[in-house]
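Below is input-v5.cif, which holds mmCIF, C-alpha atoms.
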```
data_data
loop_
_atom_site.label_atom_id
_atom_site.label_comp_id
_atom_site.auth_asym_id
_atom_site.auth_seq_id
_atom_site.Cartn_x
_atom_site.Cartn_y
_atom_site.Cartn_z
CA MET A 1307 103.18 89.91 27.57
CA THR A 1308 105.30 87.04 26.38
CA THR A 1309 103.78 84.04 24.69
CA ARG A 1310 105.28 80.80 25.79
CA ILE A 1311 104.63 77.15 25.00
CA VAL A 1312 104.81 74.86 28.00
CA GLU A 1313 105.24 71.14 27.31
CA LEU A 1314 103.13 69.13 29.75
CA ARG A 1315 102.85 65.58 28.41
CA ARG A 1316 100.45 64.62 31.17
CA GLY A 1317 97.93 61.81 30.95
CA ILE A 1318 94.44 63.16 31.49
CA LEU A 1319 93.32 60.02 33.34
CA LYS A 1320 96.63 59.72 35.15
CA LYS A 1321 95.01 59.82 38.58
CA ASN A 1322 92.75 56.88 37.71
CA ASP A 1323 95.63 54.98 36.11
CA GLU A 1324 97.75 55.40 39.24
CA LEU A 1325 94.94 54.28 41.54
CA ALA A 1326 94.26 51.30 39.25
CA ALA A 1327 97.93 50.31 39.32
CA GLY A 1328 97.76 50.37 43.14
CA LEU A 1329 94.65 48.15 43.09
CA ARG A 1330 96.32 45.75 40.64
CA ASP A 1331 99.24 45.34 43.05
CA ARG A 1332 96.83 44.65 45.90
CA TYR A 1333 94.90 42.05 43.89
CA THR A 1334 98.13 40.33 42.91
CA ALA A 1335 99.45 40.32 46.47
CA ALA A 1336 96.14 38.88 47.72
CA GLY A 1337 96.08 36.24 44.97
CA VAL A 1338 92.57 37.17 43.83
CA LEU A 1339 91.56 37.05 40.17
CA VAL A 1340 89.63 40.23 39.32
CA LEU A 1341 87.32 40.52 36.32
CA ASN A 1342 85.56 43.62 34.97
CA LEU A 1343 82.30 42.87 33.13
CA VAL A 1344 81.22 45.44 30.55
CA SER A 1345 78.27 45.57 28.16
CA SER A 1346 75.26 47.61 27.05
CA PRO A 1347 72.34 47.86 29.48
CA GLY A 1348 70.14 44.78 29.13
CA THR A 1349 72.75 42.34 27.84
CA GLY A 1350 72.25 40.11 30.85
CA LYS A 1351 75.40 40.81 32.86
CA THR A 1352 73.57 40.31 36.15
CA ALA A 1353 71.95 36.99 35.20
CA PHE A 1354 75.27 35.78 33.82
CA LEU A 1355 77.13 36.83 36.95
CA GLU A 1356 74.47 35.40 39.28
CA TRP A 1357 74.93 32.02 37.60
CA THR A 1358 78.72 32.30 37.70
CA LEU A 1359 78.82 33.22 41.41
CA ARG A 1360 76.47 30.39 42.35
CA GLU A 1361 78.38 27.76 40.39
CA LEU A 1362 81.82 28.87 41.57
CA LYS A 1363 80.57 28.89 45.13
CA ALA A 1364 79.15 25.38 44.71
CA ARG A 1365 82.62 24.29 43.61
CA GLY A 1366 84.12 25.66 46.78
CA ALA A 1367 85.58 28.88 45.39
CA ARG A 1368 85.54 32.05 47.47
CA VAL A 1369 83.82 34.71 45.37
CA ALA A 1370 82.51 38.26 45.78
CA ALA A 1371 81.07 40.93 43.50
CA LEU A 1372 80.89 44.69 43.20
CA VAL A 1373 78.09 45.97 41.01
CA GLY A 1374 77.78 49.44 39.52
CA ASP A 1375 74.56 51.20 38.57
CA LEU A 1376 73.46 54.80 38.44
CA GLU A 1377 70.73 54.15 41.02
CA THR A 1378 69.04 51.31 42.99
CA ASP A 1379 70.47 48.25 44.70
CA ASN A 1380 68.32 45.85 42.67
CA ASP A 1381 71.30 44.13 41.07
CA ALA A 1382 73.12 43.68 44.36
CA ARG A 1383 70.03 42.04 45.84
CA ARG A 1384 69.74 39.71 42.85
CA LEU A 1385 73.41 38.78 43.02
CA ALA A 1386 73.29 38.28 46.78
CA SER A 1387 70.84 35.43 46.24
CA SER A 1388 73.89 33.43 45.14
CA GLY A 1389 75.10 33.60 48.74
CA ALA A 1390 78.25 35.51 47.79
CA PRO A 1391 79.15 38.85 49.42
CA VAL A 1392 77.97 41.64 47.12
CA ARG A 1393 78.28 45.40 47.29
CA GLN A 1394 76.34 47.89 45.21
CA ILE A 1395 78.06 51.03 43.93
CA ASN A 1396 75.65 53.80 42.97
CA THR A 1397 77.37 56.28 40.67
CA HIS A 1398 74.49 58.81 40.73
CA GLY A 1399 74.74 59.81 37.11
CA ILE A 1400 78.31 58.87 36.32
CA CYS A 1401 78.42 56.56 33.32
CA HIS A 1402 81.25 54.27 34.45
CA LEU A 1403 83.04 52.88 37.50
CA ASP A 1404 86.50 54.26 38.25
CA ALA A 1405 89.39 53.04 40.34
CA GLU A 1406 88.61 55.43 43.20
CA MET A 1407 85.08 54.04 43.61
CA ILE A 1408 86.43 50.48 43.65
CA GLY A 1409 89.10 51.34 46.22
CA LYS A 1410 86.53 53.01 48.45
CA HIS A 1411 84.09 50.10 48.32
CA LEU A 1412 86.78 47.54 49.08
CA GLU A 1413 87.38 49.19 52.44
CA ASP A 1414 85.76 47.71 55.55
CA TRP A 1415 84.09 44.96 53.63
CA ALA A 1416 83.65 42.32 56.30
CA GLY A 1417 83.55 38.83 54.85
CA ALA A 1418 85.10 39.88 51.56
CA GLU A 1419 88.67 40.87 52.40
CA LEU A 1420 90.78 40.51 49.27
CA GLY A 1421 93.10 38.01 50.94
CA GLY A 1422 90.20 35.65 51.56
CA LEU A 1423 88.92 35.61 47.97
CA ASP A 1424 89.65 33.55 44.88
CA TYR A 1425 87.59 35.68 42.49
CA LEU A 1426 86.25 39.22 42.58
CA PHE A 1427 83.81 40.22 39.85
CA ILE A 1428 83.09 43.84 39.04
CA GLU A 1429 79.88 44.41 37.09
CA ASN A 1430 80.35 47.79 35.42
CA VAL A 1431 77.62 50.30 34.59
CA GLY A 1432 75.80 49.24 31.41
CA ASN A 1433 77.58 51.34 28.79
CA LEU A 1434 79.80 50.32 25.90
CA VAL A 1435 81.70 53.59 25.64
CA CYS A 1436 83.02 55.20 28.82
CA PRO A 1437 84.02 52.18 30.93
CA SER A 1438 86.66 51.35 28.32
CA SER A 1439 88.74 54.37 29.40
CA TYR A 1440 88.78 53.53 33.11
CA ASP A 1441 91.17 50.86 34.28
CA LEU A 1442 89.93 49.22 37.51
CA GLY A 1443 93.10 47.21 38.00
CA GLU A 1444 91.35 44.10 36.69
CA LYS A 1445 93.25 41.17 35.22
CA ILE A 1446 90.52 40.30 32.73
CA ARG A 1447 88.06 42.59 31.01
CA VAL A 1448 85.04 40.71 29.71
CA ALA A 1449 82.86 42.29 27.03
CA LEU A 1450 79.35 40.80 26.82
CA LEU A 1451 76.98 40.90 23.88
CA SER A 1452 73.49 39.39 23.75
CA VAL A 1453 71.87 37.78 20.73
CA THR A 1454 69.16 40.47 20.83
CA GLU A 1455 71.63 43.28 20.17
CA GLY A 1456 72.75 42.72 16.61
CA GLU A 1457 75.88 41.16 15.24
CA ASP A 1458 77.51 44.48 14.38
CA LYS A 1459 77.86 45.70 17.97
CA PRO A 1460 81.63 45.00 18.04
CA LEU A 1461 82.04 47.08 14.86
CA LYS A 1462 80.01 49.92 16.36
CA TYR A 1463 81.98 49.93 19.62
CA PRO A 1464 85.48 48.89 18.57
CA THR A 1465 87.22 50.48 21.56
CA MET A 1466 85.39 48.34 24.07
CA PHE A 1467 85.75 45.08 22.19
CA ASN A 1468 89.37 45.79 21.28
CA SER A 1469 90.26 46.38 24.92
CA ALA A 1470 88.57 43.17 26.11
CA ASP A 1471 90.41 39.99 27.07
CA ALA A 1472 87.40 37.71 26.65
CA ALA A 1473 84.01 38.02 24.96
CA VAL A 1474 80.75 36.43 26.07
CA ILE A 1475 77.66 36.07 23.93
CA THR A 1476 74.60 35.82 26.18
CA LYS A 1477 71.02 34.56 25.77
CA VAL A 1478 71.92 32.00 23.07
CA ASP A 1479 68.73 30.12 24.01
CA ILE A 1480 66.75 32.76 22.12
CA ALA A 1481 69.17 33.11 19.20
CA GLU A 1482 66.78 31.55 16.73
CA PRO A 1483 63.70 33.75 17.28
CA CYS A 1484 66.06 36.74 17.22
CA ALA A 1485 67.43 35.61 13.83
CA PHE A 1486 70.89 35.94 15.34
CA ASP A 1487 73.60 35.41 12.74
CA ARG A 1488 76.20 33.55 14.77
CA GLU A 1489 78.89 33.34 12.11
CA THR A 1490 78.78 37.07 11.44
CA ALA A 1491 78.88 37.90 15.15
CA LEU A 1492 81.93 35.69 15.73
CA LYS A 1493 83.62 37.13 12.65
CA ASN A 1494 82.96 40.71 13.79
CA ILE A 1495 84.35 40.10 17.27
CA ASN A 1496 87.44 38.56 15.67
CA GLU A 1497 87.92 41.48 13.30
CA ILE A 1498 88.05 43.88 16.24
CA ARG A 1499 89.98 41.67 18.65
CA PRO A 1500 91.72 38.92 16.70
CA GLY A 1501 92.17 35.67 18.60
CA ILE A 1502 90.00 36.62 21.61
CA ARG A 1503 88.36 33.77 23.58
CA ILE A 1504 84.61 33.78 22.91
CA PHE A 1505 82.01 32.02 25.07
CA GLU A 1506 78.49 31.39 23.77
CA THR A 1507 76.27 31.15 26.81
CA SER A 1508 72.80 31.08 28.28
CA ALA A 1509 72.24 31.72 31.97
CA LYS A 1510 68.80 30.23 31.49
CA THR A 1511 69.78 26.82 30.11
CA GLY A 1512 73.37 26.75 31.34
CA ALA A 1513 74.68 26.40 27.78
CA GLY A 1514 78.36 27.26 27.41
CA MET A 1515 78.72 27.86 31.13
CA GLU A 1516 80.90 24.82 31.75
CA GLU A 1517 83.45 26.15 29.26
CA TRP A 1518 83.32 29.60 30.86
CA LEU A 1519 83.92 28.18 34.35
CA GLY A 1520 86.80 26.13 32.96
CA TYR A 1521 88.32 29.32 31.59
CA LEU A 1522 88.00 31.05 34.97
CA GLU A 1523 89.65 28.16 36.78
CA GLU A 1524 92.40 28.04 34.18
CA GLN A 1525 93.04 31.80 34.53
CA ARG A 1526 93.05 31.53 38.27
CA ALA A 1527 95.56 28.66 38.14
CA LEU A 1528 97.80 30.80 35.91
CA ARG A 1529 98.13 33.18 38.80
CA GLY A 1530 99.92 30.45 40.73
CA MET B 348 79.69 60.77 27.92
CA HIS B 349 82.54 61.22 30.33
CA GLU B 350 83.85 64.28 28.52
CA LEU B 351 82.97 66.53 31.46
CA SER B 352 85.24 64.56 33.78
CA ILE B 353 87.96 64.64 31.14
CA VAL B 354 87.65 68.39 30.78
CA SER B 355 87.61 68.91 34.56
CA SER B 356 90.82 66.94 34.78
CA ILE B 357 92.34 69.14 32.04
CA VAL B 358 91.38 72.28 33.96
CA ASP B 359 92.93 70.90 37.18
CA THR B 360 96.17 69.81 35.51
CA VAL B 361 96.62 73.03 33.59
CA THR B 362 95.77 75.24 36.57
CA GLU B 363 98.31 73.33 38.64
CA SER B 364 101.03 73.80 36.02
CA LEU B 365 100.31 77.54 35.93
CA GLU B 366 101.60 77.92 39.47
CA ALA B 367 105.05 78.39 37.94
CA TYR B 368 103.71 81.29 35.84
CA PRO B 369 101.78 83.64 38.13
CA GLY B 370 99.15 85.74 36.38
CA ALA B 371 99.48 83.90 33.08
CA ARG B 372 96.47 83.39 30.83
CA VAL B 373 96.02 80.27 28.76
CA LYS B 374 95.58 80.80 25.02
CA GLU B 375 95.63 77.25 23.80
CA VAL B 376 95.55 73.71 25.20
CA ARG B 377 96.88 70.96 22.93
CA LEU B 378 95.71 67.39 23.40
CA ARG B 379 96.90 64.09 21.95
CA VAL B 380 93.92 61.80 21.63
CA GLY B 381 94.14 58.28 20.21
CA ALA B 382 91.47 57.17 17.75
CA LEU B 383 90.44 54.48 20.29
CA ALA B 384 90.15 56.85 23.25
CA SER B 385 86.33 57.05 23.11
CA VAL B 386 86.25 60.82 23.15
CA VAL B 387 83.67 62.76 21.18
CA ARG B 388 85.09 66.00 19.85
CA GLU B 389 81.80 67.92 19.94
CA SER B 390 81.06 66.94 23.55
CA LEU B 391 84.60 67.85 24.51
CA ASP B 392 84.23 71.36 23.05
CA PHE B 393 80.84 71.80 24.64
CA CYS B 394 82.07 70.79 28.09
CA TYR B 395 85.27 72.78 27.68
CA GLY B 396 83.39 76.05 27.41
CA ILE B 397 81.48 75.33 30.62
CA ALA B 398 84.32 73.89 32.70
CA THR B 399 86.81 76.64 31.88
CA GLU B 400 84.50 79.49 32.89
CA GLY B 401 86.04 81.58 35.63
CA THR B 402 89.38 79.75 35.40
CA PRO B 403 92.67 80.91 33.81
CA LEU B 404 91.67 78.70 30.86
CA GLU B 405 88.56 80.74 30.05
CA GLY B 406 88.48 81.75 26.40
CA SER B 407 91.31 79.43 25.40
CA ILE B 408 91.22 77.21 22.36
CA LEU B 409 91.25 73.43 22.62
CA VAL B 410 93.37 71.83 19.90
CA VAL B 411 92.86 68.10 19.49
CA ASN B 412 95.50 66.15 17.66
CA VAL B 413 93.97 62.77 16.80
CA LEU B 414 96.44 59.89 16.62
CA PRO B 415 95.66 56.97 14.34
CA VAL B 416 95.74 53.40 15.62
CA VAL B 417 99.13 51.77 15.13
CA MET B 418 99.47 47.99 15.48
CA HIS B 419 102.52 45.81 15.29
CA CYS B 420 102.27 43.29 12.46
CA GLU B 421 104.19 40.11 13.28
CA PRO B 422 104.50 38.75 9.71
CA CYS B 423 105.60 42.13 8.30
CA GLY B 424 107.84 42.73 11.31
CA GLN B 425 106.85 46.37 11.55
CA ASP B 426 104.35 48.85 12.98
CA VAL B 427 101.43 49.61 10.68
CA GLU B 428 98.82 52.35 10.78
CA LEU B 429 95.18 51.28 10.51
CA ASP B 430 92.96 53.37 8.28
CA THR B 431 89.78 51.91 9.77
CA LEU B 432 88.56 50.78 13.19
CA GLN B 433 86.42 48.10 11.60
CA SER B 434 89.17 45.58 11.18
CA PHE B 435 92.36 45.08 13.17
CA ARG B 436 94.28 43.54 10.31
CA CYS B 437 97.49 44.67 8.70
CA PRO B 438 96.65 46.87 5.70
CA ARG B 439 99.75 45.50 3.94
CA CYS B 440 99.45 41.73 4.36
CA GLY B 441 95.89 41.28 5.69
CA GLU B 442 96.94 39.23 8.72
CA PRO B 443 95.31 39.93 12.11
CA CYS B 444 97.27 42.22 14.42
CA TYR B 445 97.41 41.53 18.17
CA ASP B 446 99.72 44.17 19.50
CA LEU B 447 98.47 47.75 19.89
CA ARG B 448 101.23 50.34 19.79
CA GLN B 449 99.24 53.59 19.58
CA GLY B 450 95.60 54.66 19.70
CA ARG B 451 94.53 54.89 23.35
CA GLU B 452 96.39 58.09 24.24
CA LEU B 453 94.55 60.76 26.16
CA GLU B 454 96.99 63.41 27.23
CA ILE B 455 97.74 67.09 27.43
CA GLU B 456 100.68 67.66 25.15
CA ALA B 457 101.34 71.35 25.80
CA ILE B 458 99.76 74.69 26.60
CA GLU B 459 100.35 78.07 25.06
CA ILE B 460 100.24 80.89 27.61
CA ASP B 461 100.58 84.64 27.78
CA GLU B 462 103.00 85.34 30.55
CA VAL B 463 103.05 88.58 32.53
CA ASP B 464 106.49 90.14 32.01
CA ALA B 465 108.42 91.08 35.13
CA VAL B 466 108.66 94.73 33.99
CA GLU B 467 104.96 94.90 33.26
CA GLU B 468 104.20 93.55 36.69
CA LYS B 469 106.11 96.39 38.36
CA LYS B 470 104.10 99.12 36.63
#
```
Rendering of file as structure tokens:
Amino acid sequence: MTTRIVELRRGILKKNDELAAGLRDRYTAAGVLVLNLVSSPGTGKTAFLEWTLRELKARGARVAALVGDLETDNDARRLASSGAPVRQINTHGICHLDAEMIGKHLEDWAGAELGGLDYLFIENVGNLVCPSSYDLGEKIRVALLSVTEGEDKPLKYPTMFNSADAAVITKVDIAEPCAFDRETALKNINEIRPGIRIFETSAKTGAGMEEWLGYLEEQRALRG
Amino acid sequence: MHELSIVSSIVDTVTESLEAYPGARVKEVRLRVGALASVVRESLDFCYGIATEGTPLEGSILVVNVLPVVMHCEPCGQDVELDTLQSFRCPRCGEPCYDLRQGRELEIEAIEIDEVDAVEEKK
């Protein structure tokens, strides 16, 4: 027996990273802006996205959404009420979406070919840990936080907030009864991801949504 | 909790690299894991025991080398190591840091194997 050390230097998520790079190229070639929405369960991703899809559609944008959950197609049905093409991805126990699932669900999607879209939203599985490791080829990762969750969420889940490109605070209409400390929340997000764009929104009253839509249009324009 | 998929990927990668060393047994697998990689050490060990059963990795030790977060500080003009994940500011000057240089790694650095010697094989 001879003991030998073999250098490997191999990324453990290399397969996902390669698939995600392929998706990113496809999105760029098609000229579609892709966003990955991540948060805890119950933050209000679906309500926020429903509002966003409806408003973008009303402004003439071509939008579609992929939504990930362990089970049920409840979210897809809710989102479909916006009139946008929506596909549900059931992960059956897996705690995150990965690039392979996205690639598979983009196939044979009549009415939502990448080339015919302006925006594609991916609503990830509600989880603030695992989705941060899986690149889906998105241009913008959006981390959402509701006023009911506590201001220290960014400090508790630094990986997710640090890897985000934009942050959205949801349900601001009930901030007061929740004794939500706005200043502390904004400060905490900034400690983890200095300089990140933060949107304070309510899908119920429409607060902050105009600014959010402006950001989307601005990001889309950046893509030329 | 995606440690099981991480461990399965380790088993696949290592098994594949063993093709060049027929009959070899793995003694140790060394990982480089960034402090921001969202990997829980205990879950990794737990899953490792299960996923390696019946593979050439069975009974091997998993060594995890945790890499601290390194950011580039513009005002200081150099890379700085963070000693906390609660604030992404330069520990020297206190200014916010925007540019991550290390901390998300998740890779197999090397494996230590017991190779079957050619002579031994002939016996």
### Task
Can you work out which one of B:Thr399, B:Gln433, B:Ser352, B:Thr362 has the shortest atom-to-atom distance to chain A, counting all atoms listed in the file?
B:Gln433
Per residue of chain A within 7 Å of chain B, which atom pair is closest and at what distance in Å (one decimal), using only C-alpha atoms, listed by chain and increasing number, as CSV?
```
residue,atom,partner,partner_atom,distance
A:Met1307,CA,B:Val463,CA,5.1
A:Thr1308,CA,B:Glu462,CA,5.1
A:Thr1309,CA,B:Asp461,CA,4.5
A:Arg1310,CA,B:Ile460,CA,5.4
A:Ile1311,CA,B:Glu459,CA,4.4
A:Val1312,CA,B:Ile458,CA,5.2
A:Glu1313,CA,B:Ala457,CA,4.2
A:Leu1314,CA,B:Ala457,CA,4.9
A:Arg1315,CA,B:Glu456,CA,4.4
A:Arg1316,CA,B:Ile455,CA,5.2
A:Gly1317,CA,B:Glu454,CA,4.2
A:Ile1318,CA,B:Glu454,CA,5.0
A:Cys1401,CA,B:His349,CA,6.9
A:Val1435,CA,B:Ser385,CA,6.3
A:Cys1436,CA,B:His349,CA,6.2
A:Ser1439,CA,B:Ala384,CA,6.8
A:Leu1461,CA,B:Gln433,CA,5.6
A:Pro1464,CA,B:Leu432,CA,6.5
A:Thr1465,CA,B:Leu383,CA,5.3
A:Glu1497,CA,B:Ser434,CA,4.8
A:Ile1498,CA,B:Phe435,CA,5.4
A:Arg1499,CA,B:Phe435,CA,6.9
A:Pro1500,CA,B:Pro443,CA,5.9
```
### Residue contacts of range 1354-1356 of chain A (12 Å, all atoms listed in the file) excluding same-chain residues fewer than 6 positions away, as a PyMOL selection string
chain A and resi 1341-1345+1348+1362-1363+1369-1373+1381-1392+1425-1430+1448+1450-1452+1474-1478+1505-1515+1518-1519
### Message
As an exercise, work out the distance from CA of Asn1494 in chain A to CA of Lys1462 in chain A in Å and give it to one decimal place.
### Response
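Interatomic distance, CA of Asn1494 in chain A to CA of Lys1462 in chain A: 10.0 Å.
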### Message
What would the selection look like, as a ChimeraX atom specification, if the PyMOL selection byres ((chain A and resi 1347) around 8) were run on the coordinates I just shared?
### Response
/A:1345-1346,1348-1350,1431-1433
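Between Gly1409 in chain A and the candidates A:Glu1361, A:Glu1324, A:Glu1377, A:Asp1424, the tightest atom-to-atom separation, counting only C-alpha atoms, involves A:Glu1324.
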#### Entry: Matched chain/residue IDs from the PyMOL selection byres ((chain A and resi 1526) around 9), as a list of chain:residue names
A:Gly1337, A:Val1338, A:Leu1339, A:Asp1424, A:Tyr1425, A:Tyr1521, A:Leu1522, A:Glu1523, A:Glu1524, A:Gln1525, A:Ala1527, A:Leu1528, A:Arg1529, A:Gly1530
### Query
To one decimal place, how far is CA of Cys420 in chain B from CA of Gly1501 in chain A in Å?
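One can read the CA of Cys420 in chain B to CA of Gly1501 in chain A distance as 14.1 Å.
Take CA of Thr1490 in chain A and CA of Glu1455 in chain A: the distance between them is 12.9 Å.
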### Message
List the spatial neighbours of Val417 in chain B as a PyMOL selection string - criterion: any atom at most 7 Å away, only C-alpha atoms, same-chain residues fewer than 5 positions off excluded.
### Response
chain B and resi 426-429+447-450
Taking (94.9, 56.9, 40.9) in the file's coordinates as the center, which residues reach within 12 Å of it, counting all atoms listed in the file, put as a tab-separated table (two decimals) with C-alpha atoms, keeping the file's coordinate frame?
```tsv
chain	number	residue	atom	x	y	z
A	1317	GLY	CA	97.93	61.81	30.95
A	1318	ILE	CA	94.44	63.16	31.49
A	1319	LEU	CA	93.32	60.02	33.34
A	1320	LYS	CA	96.63	59.72	35.15
A	1321	LYS	CA	95.01	59.82	38.58
A	1322	ASN	CA	92.75	56.88	37.71
A	1323	ASP	CA	95.63	54.98	36.11
A	1324	GLU	CA	97.75	55.40	39.24
A	1325	LEU	CA	94.94	54.28	41.54
A	1326	ALA	CA	94.26	51.30	39.25
A	1327	ALA	CA	97.93	50.31	39.32
A	1328	GLY	CA	97.76	50.37	43.14
A	1329	LEU	CA	94.65	48.15	43.09
A	1330	ARG	CA	96.32	45.75	40.64
A	1404	ASP	CA	86.50	54.26	38.25
A	1405	ALA	CA	89.39	53.04	40.34
A	1406	GLU	CA	88.61	55.43	43.20
A	1407	MET	CA	85.08	54.04	43.61
A	1408	ILE	CA	86.43	50.48	43.65
A	1409	GLY	CA	89.10	51.34	46.22
A	1410	LYS	CA	86.53	53.01	48.45
A	1440	TYR	CA	88.78	53.53	33.11
A	1441	ASP	CA	91.17	50.86	34.28
A	1442	LEU	CA	89.93	49.22	37.51
A	1443	GLY	CA	93.10	47.21	38.00
```
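Among the candidates A:Ala1335, A:Leu1492, A:Val1453, A:Leu1359, the one nearest to Gly1422 in chain A when counting all atoms listed in the file is A:Ala1335.
Residues matched by the PyMOL selection byres ((chain B and resi 391) around 9) in this file are B:Glu350, B:Leu351, B:Ile353, B:Val354, B:Val386, B:Val387, B:Arg388, B:Glu389, B:Ser390, B:Asp392, B:Phe393, B:Cys394, B:Tyr395, B:Gly396, B:Leu409.
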Residues from the last selection, C-alpha atoms, saved as a compact mmCIF listing (two decimals), in the coordinates of the input:
```
# COMPACT_ATOMS: atom_id res chain seq x y z
CA GLU B 350 83.85 64.28 28.52
CA LEU B 351 82.97 66.53 31.46
CA ILE B 353 87.96 64.64 31.14
CA VAL B 354 87.65 68.39 30.78
CA VAL B 386 86.25 60.82 23.15
CA VAL B 387 83.67 62.76 21.18
CA ARG B 388 85.09 66.00 19.85
CA GLU B 389 81.80 67.92 19.94
CA SER B 390 81.06 66.94 23.55
CA ASP B 392 84.23 71.36 23.05
CA PHE B 393 80.84 71.80 24.64
CA CYS B 394 82.07 70.79 28.09
CA TYR B 395 85.27 72.78 27.68
CA GLY B 396 83.39 76.05 27.41
CA LEU B 409 91.25 73.43 22.62
```
